[in-house]
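Here is the structure we will look at.
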2 protein chains.
Amino acid sequence: MPKRALENPLVLAILGLLLERPMHPYDVLTELRGRSAHQAAAITRGSVYDIVAALAGAGWIHETARLRQGNRPERTVYALTASGREELIRRLDDQIRNPRRDFTPFLGAVAYLGALGRAGAVDALTERARRLRERTTDDERRLAEVLGQGLERLFMIEAEFAIHQAHAELAWIDAVLEEIRTGGLTWPHADETNGDDR
Amino acid sequence: MPKRALENPLVLAILGLLLERPMHPYDVLTELRGRSAHQAAAITRGSVYDIVAALAGAGWIHETARLRQGNRPERTVYALTASGREELIRRLDDQIRNPRRDFTPFLGAVAYLGALGRAGAVDALTERARRLRERTTDDERRLAEVLGQGLERLFMIEAEFAIHQAHAELAWIDAVLEEIRTGGLTWPHADETNGDDR
DNA sequence: CTGGGGATAGTCGATTTCGACTGTTAGAGT
DNA sequence: ACTCTAACAGTCGAAATCGACTATCCCCAG
């Protein structure tokens, strides 16, 4: 088993998909893209093939068929093995049980909010809130739609969580904007490091 | 300028640090580790040197000195250039203005919560909540402490955001646990896919 | 005054990840 | 009938990332 391999977050996503039914890598990719937009973040074609190969090497999935249609490249279908299912459960449990400090791009940027200057910060945060609000409304509509079609709620729980966190973020942004306005949050020595907002 | 380089999230963190004062790579590393625990996630020694080199190649930072103490390897100190400062502002603004769908490990795991089975899910979520609550209390204490020592609040805004989001997550977990208990959230066909909890 | 542990610094080869390239097939439009 | 485009499917070399290795200095205990 490779030393470092298989620490990729996609491993969990792929094992999870294969729990439902055997698939070939390309299928995995489109399925992942189609599901929730979140999973889709940070997936490139090559990676899927790389990870599937590593998974097979670890014995967590195995080849079940090689189909060929006409003269196209053959599709190798993989299915989860028993040890693969164990690994999935193990990872699932670990990821849920142990909170990690995850470092999102926004968090990283907020750390240096000061550098944008008062005006720049207000501007950027206001627009973020607007966009995030729109997107979240959309997400909620879509979620309501599929649930309305009778899809089991448990299968959309991840979308619910994302929406919940988006609302929390919006509330925070609004609070910060308000505090900047009212002077509850001040800039040290009058905008010294501002980015001359645009 | 390398094609793919410089899309690393660390780029922003490093440029941000160098805004404060010139540093050598090792210094950057310890500073990053010391600041907020979040930034520290996913930083290895080698990466810092790699990124600093790439940053220098892009002209965003430049070498200001090579110090040597005794017979130790020399420390090359880097400072932000004018174009580096522009780039920092550009990225900061972009990251804040445009909400991205970020795919955290927890979100990825929650998507397959069903596979843990009712009992397994309750167990894992309960423990997550406990640990996250502890950690957050700690974080709050530490934040209050540094603020009490007179540190400008703007410099800790990122910690405030992280704490805010942690509270939101805790509220969500508690709500989900409650819904599982009361039957508001049900498992399709009686725990079919459970992981025989442990 | 000697040896061990920890902080200081950095390098480099091996591993991982990506994205550009190749080629096929089905269907839409003309 | 014919071209154009989009979906399908995978490969492979280049780039990015990591972690193990090296080496010095300083302090403290034995």
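Going by the structure tokens order, chains are called A, B, ..., each with residues numbered from 1, while ligands are numbered from 1 in the order shown.
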
| query | If you run DSSP on the backbone, which residues of stretch 33-81 of chain A are helix (DSSP H, G or I), as number ranges by chain? | reply | A: 33-34, 37-40, 45-57

| message | Which residues are close to A:Ala13, i.e. within 8 Å by only C-alpha atoms (C1' of nucleotides), leaving aside same-chain residues fewer than 5 positions away? Reply as a PyMOL selection string. | response | (chain A and resi 32+39) or (chain B and resi 108-109)

| request: Provide as a PyMOL selection string the residues of chain D at most 12 Å from chain B, counting only C-alpha atoms (C1' of nucleotides). | output: chain D and resi 14-20+22-25

Please produce, as JSON lines, a per-residue contact table for chain C versus chain A (criterion: any atom at most 9 Å away, only C-alpha atoms (C1' of nucleotides) considered), showing the nearest atom pair and its distance in Å to one decimal, sorted by chain then residue number.
{"residue": "C:DT15", "atom": "C1'", "partner": "A:Arg4", "partner_atom": "CA", "distance": 7.4}
{"residue": "C:DT16", "atom": "C1'", "partner": "A:Ala5", "partner_atom": "CA", "distance": 7.4}
{"residue": "C:DT17", "atom": "C1'", "partner": "A:Ser47", "partner_atom": "CA", "distance": 6.5}
{"residue": "C:DC18", "atom": "C1'", "partner": "A:Gly46", "partner_atom": "CA", "distance": 6.7}
{"residue": "C:DG19", "atom": "C1'", "partner": "A:Gly46", "partner_atom": "CA", "distance": 8.0}
{"residue": "C:DG23", "atom": "C1'", "partner": "A:Arg72", "partner_atom": "CA", "distance": 8.1}
{"residue": "C:DT24", "atom": "C1'", "partner": "A:Arg72", "partner_atom": "CA", "distance": 5.3}
{"residue": "C:DT25", "atom": "C1'", "partner": "A:Arg72", "partner_atom": "CA", "distance": 7.8}

Pull the closest atom pair for each residue of chain B that gets at most 6 Å from chain A, along with the distance in Å to one decimal, counting only C-alpha atoms, ordering rows by chain and then ascending residue number, as JSON lines.
{"residue": "B:His38", "atom": "CA", "partner": "A:Phe103", "partner_atom": "CA", "distance": 5.6}
{"residue": "B:Leu92", "atom": "CA", "partner": "A:Ala109", "partner_atom": "CA", "distance": 5.4}
{"residue": "B:Gln95", "atom": "CA", "partner": "A:Phe106", "partner_atom": "CA", "distance": 5.8}
{"residue": "B:Ile96", "atom": "CA", "partner": "A:Phe106", "partner_atom": "CA", "distance": 5.9}
{"residue": "B:Arg97", "atom": "CA", "partner": "A:Arg128", "partner_atom": "CA", "distance": 4.5}
{"residue": "B:Asn98", "atom": "CA", "partner": "A:Arg128", "partner_atom": "CA", "distance": 5.7}
{"residue": "B:Arg101", "atom": "CA", "partner": "A:His38", "partner_atom": "CA", "distance": 5.7}
{"residue": "B:Phe103", "atom": "CA", "partner": "A:His38", "partner_atom": "CA", "distance": 5.6}
{"residue": "B:Phe106", "atom": "CA", "partner": "A:Gln95", "partner_atom": "CA", "distance": 5.8}
{"residue": "B:Ala109", "atom": "CA", "partner": "A:Leu92", "partner_atom": "CA", "distance": 5.4}
{"residue": "B:Val110", "atom": "CA", "partner": "A:Glu158", "partner_atom": "CA", "distance": 5.5}
{"residue": "B:Ala111", "atom": "CA", "partner": "A:Glu158", "partner_atom": "CA", "distance": 4.8}
{"residue": "B:Ala124", "atom": "CA", "partner": "A:Arg97", "partner_atom": "CA", "distance": 4.7}
{"residue": "B:Glu127", "atom": "CA", "partner": "A:Arg97", "partner_atom": "CA", "distance": 5.7}
{"residue": "B:Arg128", "atom": "CA", "partner": "A:Arg97", "partner_atom": "CA", "distance": 4.5}
{"residue": "B:Glu158", "atom": "CA", "partner": "A:Ala111", "partner_atom": "CA", "distance": 4.7}

I need the chosen residues saved as a PDB file, in the first residue's frame, with N, CA and C atoms.
ATOM      1  N   HIS B  38      -5.983  27.458  12.568  1.00  0.00           N
ATOM      2  CA  HIS B  38      -6.559  27.138  11.260  1.00  0.00           C
ATOM      3  C   HIS B  38      -5.515  27.207  10.167  1.00  0.00           C
ATOM      4  N   LEU B  92      -7.403  38.852  -1.936  1.00  0.00           N
ATOM      5  CA  LEU B  92      -8.229  39.079  -0.761  1.00  0.00           C
ATOM      6  C   LEU B  92      -9.625  39.472  -1.207  1.00  0.00           C
ATOM      7  N   GLN B  95     -11.434  36.519  -2.958  1.00  0.00           N
ATOM      8  CA  GLN B  95     -11.852  35.450  -2.045  1.00  0.00           C
ATOM      9  C   GLN B  95     -13.043  35.858  -1.194  1.00  0.00           C
ATOM     10  N   ILE B  96     -13.070  37.114  -0.844  1.00  0.00           N
ATOM     11  CA  ILE B  96     -14.172  37.561   0.005  1.00  0.00           C
ATOM     12  C   ILE B  96     -15.410  37.822  -0.826  1.00  0.00           C
ATOM     13  N   ARG B  97     -15.212  38.452  -1.949  1.00  0.00           N
ATOM     14  CA  ARG B  97     -16.343  38.838  -2.791  1.00  0.00           C
ATOM     15  C   ARG B  97     -17.093  37.633  -3.353  1.00  0.00           C
ATOM     16  N   ASN B  98     -16.351  36.603  -3.761  1.00  0.00           N
ATOM     17  CA  ASN B  98     -16.980  35.470  -4.426  1.00  0.00           C
ATOM     18  C   ASN B  98     -17.100  34.241  -3.544  1.00  0.00           C
ATOM     19  N   ARG B 101     -17.984  27.172  -3.138  1.00  0.00           N
ATOM     20  CA  ARG B 101     -18.522  26.013  -2.431  1.00  0.00           C
ATOM     21  C   ARG B 101     -17.349  25.233  -1.898  1.00  0.00           C
ATOM     22  N   PHE B 103     -15.556  22.309   0.140  1.00  0.00           N
ATOM     23  CA  PHE B 103     -15.884  20.929   0.399  1.00  0.00           C
ATOM     24  C   PHE B 103     -15.028  20.437   1.561  1.00  0.00           C
ATOM     25  N   PHE B 106     -15.915  17.055   6.712  1.00  0.00           N
ATOM     26  CA  PHE B 106     -17.166  16.752   7.416  1.00  0.00           C
ATOM     27  C   PHE B 106     -18.342  16.760   6.452  1.00  0.00           C
ATOM     28  N   ALA B 109     -18.423  13.681   4.518  1.00  0.00           N
ATOM     29  CA  ALA B 109     -18.833  12.500   5.282  1.00  0.00           C
ATOM     30  C   ALA B 109     -20.337  12.524   5.550  1.00  0.00           C
ATOM     31  N   VAL B 110     -20.846  13.694   5.853  1.00  0.00           N
ATOM     32  CA  VAL B 110     -22.276  13.819   6.137  1.00  0.00           C
ATOM     33  C   VAL B 110     -23.105  13.325   4.952  1.00  0.00           C
ATOM     34  N   ALA B 111     -22.566  13.508   3.763  1.00  0.00           N
ATOM     35  CA  ALA B 111     -23.286  13.071   2.563  1.00  0.00           C
ATOM     36  C   ALA B 111     -23.626  11.590   2.635  1.00  0.00           C
ATOM     37  N   ALA B 124     -21.600   8.782  16.473  1.00  0.00           N
ATOM     38  CA  ALA B 124     -20.539   9.621  15.930  1.00  0.00           C
ATOM     39  C   ALA B 124     -20.870  11.102  16.054  1.00  0.00           C
ATOM     40  N   GLU B 127     -20.511  12.364  19.647  1.00  0.00           N
ATOM     41  CA  GLU B 127     -19.140  12.597  20.070  1.00  0.00           C
ATOM     42  C   GLU B 127     -18.550  13.825  19.374  1.00  0.00           C
ATOM     43  N   ARG B 128     -18.873  14.006  18.127  1.00  0.00           N
ATOM     44  CA  ARG B 128     -18.382  15.198  17.437  1.00  0.00           C
ATOM     45  C   ARG B 128     -18.828  16.446  18.177  1.00  0.00           C
ATOM     46  N   GLU B 158     -10.855  36.652  12.247  1.00  0.00           N
ATOM     47  CA  GLU B 158     -10.935  35.326  11.650  1.00  0.00           C
ATOM     48  C   GLU B 158     -11.287  34.281  12.715  1.00  0.00           C
TER      49      GLU B 158
END

| task | Give the strand (DSSP E) residues of stretch 58-144 of chain A, as DSSP finds them on the backbone, and put them as a list in words. | result | Ile61, His62, Glu63, Thr64, Ala65, Arg66, Leu67, Arg75, Thr76, Val77, Tyr78, Ala79 and Leu80 of chain A

Just-selected residues, C-alpha atoms written as a CSV table (one decimal), in the first residue's frame:
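Okay, out15.csv is ready:
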chain,number,residue,atom,x,y,z
A,61,ILE,CA,-12.6,-2.0,-4.9
A,62,HIS,CA,-12.2,-4.6,-7.6
A,63,GLU,CA,-12.7,-4.8,-11.3
A,64,THR,CA,-16.0,-6.5,-12.2
A,65,ALA,CA,-16.1,-6.1,-15.9
A,66,ARG,CA,-14.6,-4.5,-19.0
A,67,LEU,CA,-17.2,-3.4,-21.4
A,75,ARG,CA,-14.9,1.0,-19.6
A,76,THR,CA,-13.6,-0.9,-16.6
A,77,VAL,CA,-16.3,-1.3,-14.0
A,78,TYR,CA,-15.4,-1.4,-10.3
A,79,ALA,CA,-17.3,-2.6,-7.3
A,80,LEU,CA,-16.7,-2.1,-3.6

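Pairwise distance (atom C1' of D:DA6, atom CA of A:Glu74) equals 19.9 Å.
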